[in-house]
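Visitor: Data file start.cif (mmCIF, C-alpha atoms) is appended below.
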```cif
data_model
#
loop_
_atom_site.group_PDB
_atom_site.id
_atom_site.type_symbol
_atom_site.label_atom_id
_atom_site.label_comp_id
_atom_site.auth_asym_id
_atom_site.auth_seq_id
_atom_site.Cartn_x
_atom_site.Cartn_y
_atom_site.Cartn_z
ATOM 1 C CA MET Q 29 -20.523 12.272 7.522
ATOM 2 C CA THR Q 30 -18.407 9.224 6.708
ATOM 3 C CA GLN Q 31 -15.199 10.275 4.965
ATOM 4 C CA THR Q 32 -14.415 9.072 1.440
ATOM 5 C CA VAL Q 33 -11.081 7.477 0.572
ATOM 6 C CA LEU Q 34 -9.759 6.286 -2.789
ATOM 7 C CA THR Q 35 -7.756 3.226 -3.777
ATOM 8 C CA ILE Q 36 -5.874 3.143 -7.095
ATOM 9 C CA ALA Q 37 -4.846 -0.478 -7.633
ATOM 10 C CA GLY Q 38 -5.332 -3.718 -9.529
ATOM 11 C CA PHE Q 39 -8.315 -6.049 -9.369
ATOM 12 C CA ASP Q 40 -7.849 -9.406 -7.630
ATOM 13 C CA PRO Q 41 -10.851 -11.658 -8.356
ATOM 14 C CA SER Q 42 -10.099 -13.735 -5.255
ATOM 15 C CA SER Q 43 -10.467 -10.578 -3.098
ATOM 16 C CA GLY Q 44 -7.236 -11.255 -1.241
ATOM 17 C CA ALA Q 45 -5.504 -8.107 -2.484
ATOM 18 C CA GLY Q 46 -6.034 -5.070 -4.715
ATOM 19 C CA VAL Q 47 -9.112 -2.874 -4.764
ATOM 20 C CA THR Q 48 -11.531 -5.486 -3.403
ATOM 21 C CA ALA Q 49 -9.364 -6.001 -0.325
ATOM 22 C CA ASP Q 50 -8.689 -2.268 0.078
ATOM 23 C CA LEU Q 51 -12.399 -1.496 0.092
ATOM 24 C CA MET Q 52 -12.938 -4.007 2.895
ATOM 25 C CA VAL Q 53 -10.126 -2.426 4.922
ATOM 26 C CA PHE Q 54 -11.686 1.005 4.457
ATOM 27 C CA ALA Q 55 -15.094 -0.309 5.509
ATOM 28 C CA ALA Q 56 -13.598 -1.923 8.610
ATOM 29 C CA HIS Q 57 -12.298 1.513 9.612
ATOM 30 C CA GLY Q 58 -15.674 3.179 9.067
ATOM 31 C CA LEU Q 59 -14.689 4.881 5.801
ATOM 32 C CA PHE Q 60 -16.395 4.938 2.394
ATOM 33 C CA GLY Q 61 -14.136 3.628 -0.332
ATOM 34 C CA THR Q 62 -14.017 4.423 -4.034
ATOM 35 C CA SER Q 63 -11.668 2.755 -6.511
ATOM 36 C CA CYS Q 64 -9.800 3.155 -9.768
ATOM 37 C CA ILE Q 65 -8.739 -0.172 -11.296
ATOM 38 C CA THR Q 66 -5.357 -0.158 -13.033
ATOM 39 C CA SER Q 67 -5.138 -3.802 -14.104
ATOM 40 C CA LEU Q 68 -7.347 -6.857 -14.363
ATOM 41 C CA THR Q 69 -5.623 -9.975 -13.062
ATOM 42 C CA VAL Q 70 -6.346 -13.677 -13.347
ATOM 43 C CA GLN Q 71 -5.409 -15.012 -9.956
ATOM 44 C CA SER Q 72 -6.470 -17.017 -6.933
ATOM 45 C CA THR Q 73 -4.840 -18.016 -3.664
ATOM 46 C CA VAL Q 74 -2.468 -20.166 -5.742
ATOM 47 C CA GLY Q 75 -0.926 -17.178 -7.560
ATOM 48 C CA VAL Q 76 -1.206 -14.706 -10.443
ATOM 49 C CA LYS Q 77 -1.727 -16.436 -13.790
ATOM 50 C CA ALA Q 78 -2.108 -13.374 -16.035
ATOM 51 C CA SER Q 79 -2.736 -9.642 -15.962
ATOM 52 C CA SER Q 80 -4.242 -7.150 -18.406
ATOM 53 C CA PRO Q 81 -3.401 -3.494 -17.704
ATOM 54 C CA VAL Q 82 -6.127 -0.881 -18.004
ATOM 55 C CA ALA Q 83 -5.329 1.865 -20.518
ATOM 56 C CA ALA Q 84 -3.767 4.969 -18.997
ATOM 57 C CA GLU Q 85 -6.483 7.094 -20.619
ATOM 58 C CA THR Q 86 -9.137 5.115 -18.750
ATOM 59 C CA VAL Q 87 -7.242 5.472 -15.471
ATOM 60 C CA LYS Q 88 -6.987 9.234 -15.987
ATOM 61 C CA ALA Q 89 -10.682 9.546 -16.892
ATOM 62 C CA THR Q 90 -11.702 7.479 -13.858
ATOM 63 C CA LEU Q 91 -9.649 9.580 -11.469
ATOM 64 C CA ASP Q 92 -10.966 12.856 -12.895
ATOM 65 C CA CYS Q 93 -14.548 11.556 -12.794
ATOM 66 C CA LEU Q 94 -14.301 10.465 -9.160
ATOM 67 C CA GLU Q 95 -12.529 13.627 -8.044
ATOM 68 C CA SER Q 96 -15.219 15.847 -9.570
ATOM 69 C CA ASP Q 97 -18.003 14.064 -7.689
ATOM 70 C CA LEU Q 98 -16.509 12.148 -4.743
ATOM 71 C CA PRO Q 99 -13.302 13.926 -3.714
ATOM 72 C CA ALA Q 100 -11.220 11.747 -1.433
ATOM 73 C CA ALA Q 101 -9.922 12.596 2.037
ATOM 74 C CA GLY Q 102 -7.025 10.218 1.413
ATOM 75 C CA ILE Q 103 -5.537 8.167 -1.422
ATOM 76 C CA LYS Q 104 -3.901 4.732 -1.392
ATOM 77 C CA ILE Q 105 -1.905 3.692 -4.471
ATOM 78 C CA GLY Q 106 -1.091 0.045 -5.130
ATOM 79 C CA MET Q 107 -0.393 -1.886 -8.331
ATOM 80 C CA LEU Q 108 -0.065 0.447 -11.331
ATOM 81 C CA ALA Q 109 1.039 -2.111 -13.944
ATOM 82 C CA THR Q 110 2.498 0.230 -16.596
ATOM 83 C CA ALA Q 111 4.653 3.325 -16.912
ATOM 84 C CA GLY Q 112 1.670 5.039 -18.540
ATOM 85 C CA ASN Q 113 -0.492 4.393 -15.508
ATOM 86 C CA VAL Q 114 2.238 5.631 -13.159
ATOM 87 C CA MET Q 115 2.383 8.841 -15.205
ATOM 88 C CA ALA Q 116 -1.409 9.207 -15.222
ATOM 89 C CA VAL Q 117 -1.533 8.951 -11.422
ATOM 90 C CA ALA Q 118 1.388 11.367 -11.040
ATOM 91 C CA GLU Q 119 -0.325 13.921 -13.271
ATOM 92 C CA PHE Q 120 -3.561 13.500 -11.303
ATOM 93 C CA LEU Q 121 -1.743 14.198 -8.016
ATOM 94 C CA GLU Q 122 0.053 17.172 -9.577
ATOM 95 C CA GLY Q 123 -3.339 18.541 -10.569
ATOM 96 C CA LEU Q 124 -4.644 18.181 -7.015
ATOM 97 C CA ARG Q 125 -1.565 19.887 -5.601
ATOM 98 C CA GLY Q 126 -1.889 22.684 -8.156
ATOM 99 C CA ARG Q 127 -5.424 23.363 -6.948
ATOM 100 C CA GLY Q 128 -4.276 23.382 -3.330
ATOM 101 C CA TRP Q 129 -5.943 20.063 -2.482
ATOM 102 C CA ARG Q 130 -3.754 18.319 0.139
ATOM 103 C CA VAL Q 131 -4.752 14.898 1.398
ATOM 104 C CA PRO Q 132 -2.565 12.041 2.717
ATOM 105 C CA VAL Q 133 -1.280 9.790 -0.079
ATOM 106 C CA VAL Q 134 0.119 6.329 0.699
ATOM 107 C CA LEU Q 135 2.036 4.412 -1.981
ATOM 108 C CA ASP Q 136 2.392 0.632 -1.752
ATOM 109 C CA PRO Q 137 4.958 0.074 -4.539
ATOM 110 C CA VAL Q 138 3.746 -3.215 -6.026
ATOM 111 C CA ILE Q 139 6.514 -4.437 -8.321
ATOM 112 C CA ARG Q 140 6.253 -8.223 -8.225
ATOM 113 C CA SER Q 141 3.628 -10.692 -6.979
ATOM 114 C CA SER Q 142 4.389 -13.090 -4.137
ATOM 115 C CA SER Q 143 4.362 -15.880 -6.736
ATOM 116 C CA GLY Q 144 7.136 -14.099 -8.684
ATOM 117 C CA ARG Q 145 5.230 -12.505 -11.587
ATOM 118 C CA GLU Q 146 6.452 -9.038 -12.607
ATOM 119 C CA LEU Q 147 3.708 -6.467 -12.043
ATOM 120 C CA LEU Q 148 5.628 -3.292 -13.000
ATOM 121 C CA ASP Q 149 8.455 -3.229 -15.534
ATOM 122 C CA ALA Q 150 11.756 -1.342 -15.307
ATOM 123 C CA GLU Q 151 10.383 1.676 -17.187
ATOM 124 C CA GLY Q 152 7.458 1.866 -14.769
ATOM 125 C CA VAL Q 153 9.791 1.665 -11.768
ATOM 126 C CA GLY Q 154 11.839 4.518 -13.222
ATOM 127 C CA VAL Q 155 8.782 6.743 -13.673
ATOM 128 C CA LEU Q 156 7.599 5.829 -10.182
ATOM 129 C CA ARG Q 157 10.936 6.952 -8.712
ATOM 130 C CA GLU Q 158 11.167 10.168 -10.691
ATOM 131 C CA ARG Q 159 7.571 11.372 -10.937
ATOM 132 C CA LEU Q 160 5.404 9.651 -8.343
ATOM 133 C CA LEU Q 161 7.576 9.384 -5.219
ATOM 134 C CA PRO Q 162 7.985 13.179 -4.926
ATOM 135 C CA LEU Q 163 4.185 13.531 -4.820
ATOM 136 C CA VAL Q 164 3.283 11.035 -2.080
ATOM 137 C CA ASP Q 165 3.497 11.336 1.707
ATOM 138 C CA TRP Q 166 4.105 7.687 2.582
ATOM 139 C CA VAL Q 167 5.688 4.680 0.894
ATOM 140 C CA THR Q 168 5.373 1.136 2.301
ATOM 141 C CA PRO Q 169 7.789 -1.234 0.509
ATOM 142 C CA ASN Q 170 8.597 -4.768 1.594
ATOM 143 C CA LEU Q 171 12.257 -5.803 1.640
ATOM 144 C CA GLU Q 172 12.413 -6.681 -2.062
ATOM 145 C CA GLU Q 173 10.603 -3.502 -3.140
ATOM 146 C CA LEU Q 174 12.831 -1.390 -0.901
ATOM 147 C CA GLY Q 175 15.899 -2.904 -2.518
ATOM 148 C CA VAL Q 176 14.616 -2.257 -6.041
ATOM 149 C CA LEU Q 177 13.654 1.347 -5.338
ATOM 150 C CA ALA Q 178 16.761 2.213 -3.327
ATOM 151 C CA GLY Q 179 19.129 0.358 -5.669
ATOM 152 C CA ARG Q 180 20.521 -1.720 -2.821
ATOM 153 C CA ILE Q 181 20.535 -5.326 -1.687
ATOM 154 C CA VAL Q 182 18.116 -5.560 1.243
ATOM 155 C CA MET Q 183 17.950 -8.964 2.875
ATOM 156 C CA GLN Q 184 18.299 -8.507 6.619
ATOM 157 C CA ARG Q 185 17.435 -6.132 9.428
ATOM 158 C CA GLY Q 186 20.703 -4.233 9.270
ATOM 159 C CA ASP Q 187 20.135 -3.371 5.597
ATOM 160 C CA LEU Q 188 16.935 -1.426 6.230
ATOM 161 C CA PRO Q 189 18.058 1.910 7.786
ATOM 162 C CA GLU Q 190 20.369 3.082 4.981
ATOM 163 C CA ALA Q 191 18.061 1.810 2.250
ATOM 164 C CA ALA Q 192 15.132 3.625 3.882
ATOM 165 C CA ARG Q 193 17.173 6.848 4.025
ATOM 166 C CA ASP Q 194 18.088 6.511 0.351
ATOM 167 C CA LEU Q 195 14.433 6.011 -0.539
ATOM 168 C CA GLN Q 196 13.303 8.932 1.601
ATOM 169 C CA ALA Q 197 15.749 11.199 -0.239
ATOM 170 C CA MET Q 198 13.859 10.534 -3.485
ATOM 171 C CA GLY Q 199 10.723 12.195 -2.117
ATOM 172 C CA ARG Q 200 9.738 15.513 -0.620
ATOM 173 C CA GLY Q 201 8.566 15.128 2.940
ATOM 174 C CA LEU Q 202 8.358 11.360 2.601
ATOM 175 C CA ASN Q 203 7.626 8.917 5.423
ATOM 176 C CA VAL Q 204 8.956 5.407 4.798
ATOM 177 C CA VAL Q 205 7.672 2.204 6.382
ATOM 178 C CA ALA Q 206 9.794 -0.769 5.378
ATOM 179 C CA THR Q 207 7.683 -3.802 6.187
ATOM 180 C CA GLY Q 208 9.674 -6.713 7.569
ATOM 181 C CA GLY Q 209 7.247 -9.575 7.200
ATOM 182 C CA HIS Q 210 10.084 -11.853 6.072
ATOM 183 C CA LEU Q 211 12.348 -10.941 8.990
ATOM 184 C CA MET Q 212 12.570 -12.874 12.237
ATOM 185 C CA PRO Q 213 11.006 -11.315 14.217
ATOM 186 C CA PRO Q 214 8.857 -9.499 11.605
ATOM 187 C CA ASP Q 215 9.621 -5.943 12.736
ATOM 188 C CA ASP Q 216 8.881 -2.940 10.516
ATOM 189 C CA LEU Q 217 11.077 0.149 10.245
ATOM 190 C CA LEU Q 218 9.445 3.585 10.266
ATOM 191 C CA LEU Q 219 11.510 6.531 9.052
ATOM 192 C CA ARG Q 220 9.593 9.736 9.604
ATOM 193 C CA VAL Q 221 9.913 13.012 7.720
ATOM 194 C CA GLY Q 222 12.048 14.602 10.433
ATOM 195 C CA GLY Q 223 14.553 11.730 10.356
ATOM 196 C CA GLU Q 224 13.230 9.953 13.453
ATOM 197 C CA MET Q 225 13.559 6.185 13.131
ATOM 198 C CA ASP Q 226 11.392 3.691 15.002
ATOM 199 C CA TRP Q 227 11.209 -0.092 14.933
ATOM 200 C CA LEU Q 228 7.653 -1.423 15.081
ATOM 201 C CA SER Q 229 7.850 -4.763 16.847
ATOM 202 C CA GLY Q 230 6.056 -7.722 15.321
ATOM 203 C CA GLU Q 231 5.379 -11.324 16.221
ATOM 204 C CA GLN Q 232 5.587 -14.422 14.072
ATOM 205 C CA ILE Q 233 2.074 -15.763 13.427
ATOM 206 C CA VAL Q 234 2.061 -19.212 11.864
ATOM 207 C CA SER Q 235 -0.603 -19.116 9.159
ATOM 208 C CA ARG Q 236 -1.087 -19.755 5.458
ATOM 209 C CA SER Q 237 -3.603 -16.893 5.345
ATOM 210 C CA THR Q 238 -1.142 -14.150 4.455
ATOM 211 C CA HIS Q 239 -2.232 -13.083 0.971
ATOM 212 C CA GLY Q 240 -2.699 -9.333 0.748
ATOM 213 C CA THR Q 241 -0.816 -8.267 3.873
ATOM 214 C CA GLY Q 242 0.909 -5.416 2.020
ATOM 215 C CA CYS Q 243 -2.380 -4.117 0.639
ATOM 216 C CA ALA Q 244 -4.018 -4.393 4.045
ATOM 217 C CA PHE Q 245 -1.192 -2.553 5.784
ATOM 218 C CA SER Q 246 -1.070 0.379 3.369
ATOM 219 C CA SER Q 247 -4.853 0.750 3.333
ATOM 220 C CA ALA Q 248 -5.044 0.537 7.118
ATOM 221 C CA LEU Q 249 -2.260 3.105 7.401
ATOM 222 C CA LEU Q 250 -4.141 5.493 5.130
ATOM 223 C CA SER Q 251 -7.320 4.895 7.120
ATOM 224 C CA ARG Q 252 -5.620 5.742 10.408
ATOM 225 C CA LEU Q 253 -4.109 8.913 8.925
ATOM 226 C CA VAL Q 254 -7.500 10.036 7.590
ATOM 227 C CA LEU Q 255 -8.999 9.350 11.019
ATOM 228 C CA GLY Q 256 -6.455 11.716 12.537
ATOM 229 C CA ASP Q 257 -3.650 9.553 13.925
ATOM 230 C CA ALA Q 258 -0.118 10.944 14.097
ATOM 231 C CA ALA Q 259 2.540 9.200 12.014
ATOM 232 C CA LEU Q 260 3.903 6.791 14.645
ATOM 233 C CA ASP Q 261 0.473 5.918 16.019
ATOM 234 C CA ALA Q 262 -0.927 5.342 12.516
ATOM 235 C CA ALA Q 263 1.902 2.958 11.619
ATOM 236 C CA ARG Q 264 1.584 1.045 14.885
ATOM 237 C CA MET Q 265 -2.180 0.722 14.557
ATOM 238 C CA ALA Q 266 -1.879 -0.446 10.941
ATOM 239 C CA LYS Q 267 0.617 -3.128 11.977
ATOM 240 C CA ARG Q 268 -1.679 -4.280 14.776
ATOM 241 C CA TYR Q 269 -4.591 -4.382 12.332
ATOM 242 C CA VAL Q 270 -2.699 -6.661 9.922
ATOM 243 C CA ALA Q 271 -1.536 -8.959 12.728
ATOM 244 C CA GLU Q 272 -5.107 -9.476 13.864
ATOM 245 C CA ALA Q 273 -6.257 -9.916 10.262
ATOM 246 C CA ILE Q 274 -3.791 -12.805 9.949
ATOM 247 C CA ARG Q 275 -4.586 -14.237 13.380
ATOM 248 C CA THR Q 276 -8.359 -14.302 12.815
ATOM 249 C CA ALA Q 277 -8.336 -15.429 9.166
ATOM 250 C CA GLU Q 278 -10.161 -18.618 8.190
ATOM 251 C CA PRO Q 279 -8.363 -20.937 5.738
ATOM 252 C CA ARG Q 280 -9.570 -20.348 2.173
ATOM 253 C CA GLY Q 281 -8.395 -21.794 -1.120
ATOM 254 C CA LYS Q 282 -5.567 -24.146 -1.985
ATOM 255 C CA GLY Q 283 -2.675 -21.694 -1.648
ATOM 256 C CA LEU Q 284 -1.922 -18.639 0.460
ATOM 257 C CA GLY Q 285 -5.371 -17.608 1.620
ATOM 258 C CA PRO Q 286 -6.471 -14.027 2.284
ATOM 259 C CA VAL Q 287 -6.233 -12.296 5.612
ATOM 260 C CA ASN Q 288 -9.429 -11.288 7.419
ATOM 261 C CA PRO Q 289 -9.794 -7.539 6.733
ATOM 262 C CA LEU Q 290 -13.202 -7.307 8.397
ATOM 263 C CA TRP Q 291 -12.114 -8.546 11.832
ATOM 264 C CA PRO Q 292 -12.852 -5.219 13.618
ATOM 265 C CA LEU Q 293 -16.537 -5.630 12.732
ATOM 266 C CA PHE Q 294 -16.633 -8.789 14.833
ATOM 267 C CA ASP Q 295 -14.235 -7.670 17.555
ATOM 268 C CA VAL Q 296 -16.532 -7.493 20.570
#
```
Would you write the structure of this file as structure tokens?

Guide:
Amino acid sequence: MTQTVLTIAGFDPSSGAGVTADLMVFAAHGLFGTSCITSLTVQSTVGVKASSPVAAETVKATLDCLESDLPAAGIKIGMLATAGNVMAVAEFLEGLRGRGWRVPVVLDPVIRSSSGRELLDAEGVGVLRERLLPLVDWVTPNLEELGVLAGRIVMQRGDLPEAARDLQAMGRGLNVVATGGHLMPPDDLLLRVGGEMDWLSGEQIVSRSTHGTGCAFSSALLSRLVLGDAALDAARMAKRYVAEAIRTAEPRGKGLGPVNPLWPLFDV
């Protein structure tokens, strides 16, 4: 039977990021996706114009409802929007752990949109550090998110190792993938639970279809873990998936268009 996976994230009406993009990534990996929406956004390829967070009570009810009927074999967490929603997700994961339910959990710590709009305030970041990070297995920050979470300035390749170690220390058995899409070359840093550190080599792909790369990577990583890949293989395969999603994307919209999350379905 096809395995079920869950995304907890915001709604992007242009389908470049958030739950709509995550569901396509899951489908491309042969998985059945369910979703819990944390925020409704007004956005397109040009940027985020507004956002309306979903009430934490609704997030909690949605998660409990899905878990009682369609328990997930893996969970991806993206934009949470408010401290209340961060707490609701943390309490949900604590409940799963308390019942002995262990599935891979990947956190993509969405703090700010690529167009500069704040998507999680300082209180929310604090709750994420203190309550949510200790409950997840993977965290996939970009350079800016890594700097915010680790309390460091992260701008270049040499800044990543120590910041990743600081972030890993906030969790319990936490794997960190610092995505280096803004580096040249765009290499990612993987810091595994045992302390092993690997650079995942990337190549610069000239394209304006790069909206949603963080969402695609974290969802692909979760998919590979659910399908049974070991940590290093899962991270490498997720990076390859995103590179091909950029390479095969068709231009859409007037701004940064979406990647092509369904490329494996046409890869013959």

Visitor: What would the selection look like, as a PyMOL selection string, if the PyMOL selection byres ((chain Q and resi 67-76) around 6) were run on the coordinates I just shared?

Guide: chain Q and resi 38-40+42+65-66+77-82+143+281+283-285

Visitor: Quick one, how far is atom CA of Asp194 of chain Q from atom CA of Glu231 of chain Q?

Guide: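 Between these atoms lies a distance of 27.0 Å.
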
Visitor: Using all atoms listed in the file, which residue out of Q:Arg193, Q:Ile139, Q:Leu188, Q:Asp215 lies closest to Gly154 of chain Q?

Guide: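 For Gly154 of chain Q, the nearest of the candidates is Q:Ile139.
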
Visitor: Show me the residues around (-11.9, -11.4, 3.4) - criterion: an atom at most 8 Å away, all atoms listed in the file counted - as a list in words.

Guide: Ser43, Gly44, Ala49, Met52, Ala277, Pro286, Val287, Asn288, Pro289 and Leu290 of chain Q

Visitor: Applying the PyMOL selection byres ((chain Q and resi 200) around 10) to the file I just gave you, which residues come out? Please list them as a JSON list (two decimals) with C-alpha atoms, keeping the file's coordinate frame.

Guide:
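Below is the file out-v1.json, written as the result:
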```
[["chain", "number", "residue", "atom", "x", "y", "z"],
["Q", 161, "LEU", "CA", 7.58, 9.38, -5.22],
["Q", 162, "PRO", "CA", 7.98, 13.18, -4.93],
["Q", 163, "LEU", "CA", 4.18, 13.53, -4.82],
["Q", 164, "VAL", "CA", 3.28, 11.04, -2.08],
["Q", 165, "ASP", "CA", 3.50, 11.34, 1.71],
["Q", 196, "GLN", "CA", 13.30, 8.93, 1.60],
["Q", 197, "ALA", "CA", 15.75, 11.20, -0.24],
["Q", 198, "MET", "CA", 13.86, 10.53, -3.48],
["Q", 199, "GLY", "CA", 10.72, 12.20, -2.12],
["Q", 201, "GLY", "CA", 8.57, 15.13, 2.94],
["Q", 202, "LEU", "CA", 8.36, 11.36, 2.60],
["Q", 203, "ASN", "CA", 7.63, 8.92, 5.42],
["Q", 221, "VAL", "CA", 9.91, 13.01, 7.72]]
```

Visitor: State, in Å with one decimal place, the distance from atom CA of Phe60 of chain Q to atom CA of Ala83 of chain Q.

Guide: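 Atom-to-atom, atom CA of Phe60 of chain Q and atom CA of Ala83 of chain Q are spaced 25.6 Å apart.
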
Visitor: Which residues match the PyMOL selection byres ((chain Q and resi 31) around 8) in the file above, as an mmCIF file with C-alpha atoms, in the coordinates of the input?

Guide:
```cif
data_model
loop_
_atom_site.group_PDB
_atom_site.id
_atom_site.type_symbol
_atom_site.label_atom_id
_atom_site.label_comp_id
_atom_site.auth_asym_id
_atom_site.auth_seq_id
_atom_site.Cartn_x
_atom_site.Cartn_y
_atom_site.Cartn_z
ATOM 1 C CA MET Q 29 -20.523 12.272 7.522
ATOM 2 C CA THR Q 30 -18.407 9.224 6.708
ATOM 3 C CA THR Q 32 -14.415 9.072 1.440
ATOM 4 C CA VAL Q 33 -11.081 7.477 0.572
ATOM 5 C CA LEU Q 59 -14.689 4.881 5.801
ATOM 6 C CA PHE Q 60 -16.395 4.938 2.394
ATOM 7 C CA ALA Q 100 -11.220 11.747 -1.433
ATOM 8 C CA ALA Q 101 -9.922 12.596 2.037
#
```

Visitor: Residues at most 12 Å from Cys93 of chain Q, counting only C-alpha atoms, excluding those fewer than 5 positions away in the same chain, as a PDB file with C-alpha atoms, in the frame of the given file?

Guide:
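Saved file result_26.pdb follows:
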```
ATOM      1  CA  THR Q  62     -14.017   4.423  -4.034  1.00  0.00           C
ATOM      2  CA  SER Q  63     -11.668   2.755  -6.511  1.00  0.00           C
ATOM      3  CA  CYS Q  64      -9.800   3.155  -9.768  1.00  0.00           C
ATOM      4  CA  THR Q  86      -9.137   5.115 -18.750  1.00  0.00           C
ATOM      5  CA  VAL Q  87      -7.242   5.472 -15.471  1.00  0.00           C
ATOM      6  CA  LYS Q  88      -6.987   9.234 -15.987  1.00  0.00           C
ATOM      7  CA  LEU Q  98     -16.509  12.148  -4.743  1.00  0.00           C
ATOM      8  CA  PRO Q  99     -13.302  13.926  -3.714  1.00  0.00           C
ATOM      9  CA  ALA Q 100     -11.220  11.747  -1.433  1.00  0.00           C
ATOM     10  CA  PHE Q 120      -3.561  13.500 -11.303  1.00  0.00           C
TER      11      PHE Q 120
END
```

Visitor: Neighbouring residues of Asp149 of chain Q were defined as those with any atom within 9 Å, considering all atoms listed in the file; residues of the same chain fewer than 2 positions away were excluded. Please report them as a PyMOL selection string.

Guide: chain Q and resi 109-111+139+146-147+151-154

Visitor: Could you please take those selected residues and save C-alpha atoms as an mmCIF file, keeping the file's coordinate frame?

Guide:
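In the end it all went to out-v6.cif:
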```cif
data_model
loop_
_atom_site.group_PDB
_atom_site.id
_atom_site.type_symbol
_atom_site.label_atom_id
_atom_site.label_comp_id
_atom_site.auth_asym_id
_atom_site.auth_seq_id
_atom_site.Cartn_x
_atom_site.Cartn_y
_atom_site.Cartn_z
ATOM 1 C CA ALA Q 109 1.039 -2.111 -13.944
ATOM 2 C CA THR Q 110 2.498 0.230 -16.596
ATOM 3 C CA ALA Q 111 4.653 3.325 -16.912
ATOM 4 C CA ILE Q 139 6.514 -4.437 -8.321
ATOM 5 C CA GLU Q 146 6.452 -9.038 -12.607
ATOM 6 C CA LEU Q 147 3.708 -6.467 -12.043
ATOM 7 C CA GLU Q 151 10.383 1.676 -17.187
ATOM 8 C CA GLY Q 152 7.458 1.866 -14.769
ATOM 9 C CA VAL Q 153 9.791 1.665 -11.768
ATOM 10 C CA GLY Q 154 11.839 4.518 -13.222
#
```

Visitor: Find the residue from Q:Gly230, Q:Pro189, Q:Gly123, Q:Gly102 that sits nearest to Met212 of chain Q; use only C-alpha atoms when measuring.

Guide: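 The answer is Q:Gly230, which sits nearest to Met212 of chain Q.
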
Visitor: Quote the spacing between atom CA of Gln232 of chain Q and atom CA of Asp136 of chain Q in Å to one decimal place.

Guide: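 Straight-line distance from atom CA of Gln232 of chain Q to atom CA of Asp136 of chain Q works out to 22.1 Å.
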
Visitor: For a quick check of understanding, using only C-alpha atoms, which of Q:Ala273, Q:Met225, Q:Ala118, Q:Ala263 has the smallest distance to Thr238 of chain Q?

Guide: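 Looking at the shortest contact to Thr238 of chain Q, the residue is Q:Ala273.
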
Visitor: Take every atom of segment 238-246 of chain Q listed in the file, fit an axis-aligned box around them, add 6 Å per side, and give the centre and edge lengths in Å to one decimal as lines of an AutoDock Vina configuration file.

Guide:
```
center_x = -1.6
center_y = -6.9
center_z = 3.2
size_x = 16.9
size_y = 26.5
size_z = 17.1
```

Visitor: If we count only C-alpha atoms, what is near Leu160 of chain Q at a cut-off of 8 Å, once residues fewer than 6 positions away on the same chain are taken out, given as a PyMOL selection string?

Guide: chain Q and resi 114-115+117-118

Visitor: Take the residues from that selection and write them out as an mmCIF file, in the coordinates of the input, keeping C-alpha atoms.

Guide:
```cif
data_model
loop_
_atom_site.group_PDB
_atom_site.id
_atom_site.type_symbol
_atom_site.label_atom_id
_atom_site.label_comp_id
_atom_site.auth_asym_id
_atom_site.auth_seq_id
_atom_site.Cartn_x
_atom_site.Cartn_y
_atom_site.Cartn_z
ATOM 1 C CA VAL Q 114 2.238 5.631 -13.159
ATOM 2 C CA MET Q 115 2.383 8.841 -15.205
ATOM 3 C CA VAL Q 117 -1.533 8.951 -11.422
ATOM 4 C CA ALA Q 118 1.388 11.367 -11.040
#
```

Visitor: Choose the residue, out of Q:Ala89, Q:Leu211, Q:Ile105, Q:Leu121, that has the smallest atom-to-atom separation from Cys243 of chain Q; count all atoms listed in the file.

Guide: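 For Cys243 of chain Q, the nearest of the candidates is Q:Ile105.
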
Visitor: Looking at all atoms listed in the file, which of Q:Ala206, Q:Val234, Q:Ala84, Q:Leu195 is the one that sits closest to Met183 of chain Q?

Guide: Q:Ala206

Visitor: Which is closest to Ala271 of chain Q among Q:Pro214, Q:Gly223, Q:Pro137, Q:Gly256, if we use only C-alpha atoms?

Guide: Q:Pro214

Visitor: Would you list the contacts of Trp227 of chain Q as a VMD selection string, taking every protein, DNA or RNA residue within 9 Å and counting only C-alpha atoms, but skipping same-chain residues closer than 2 positions in sequence?

Guide: chain Q and resid 215 to 219 225 229
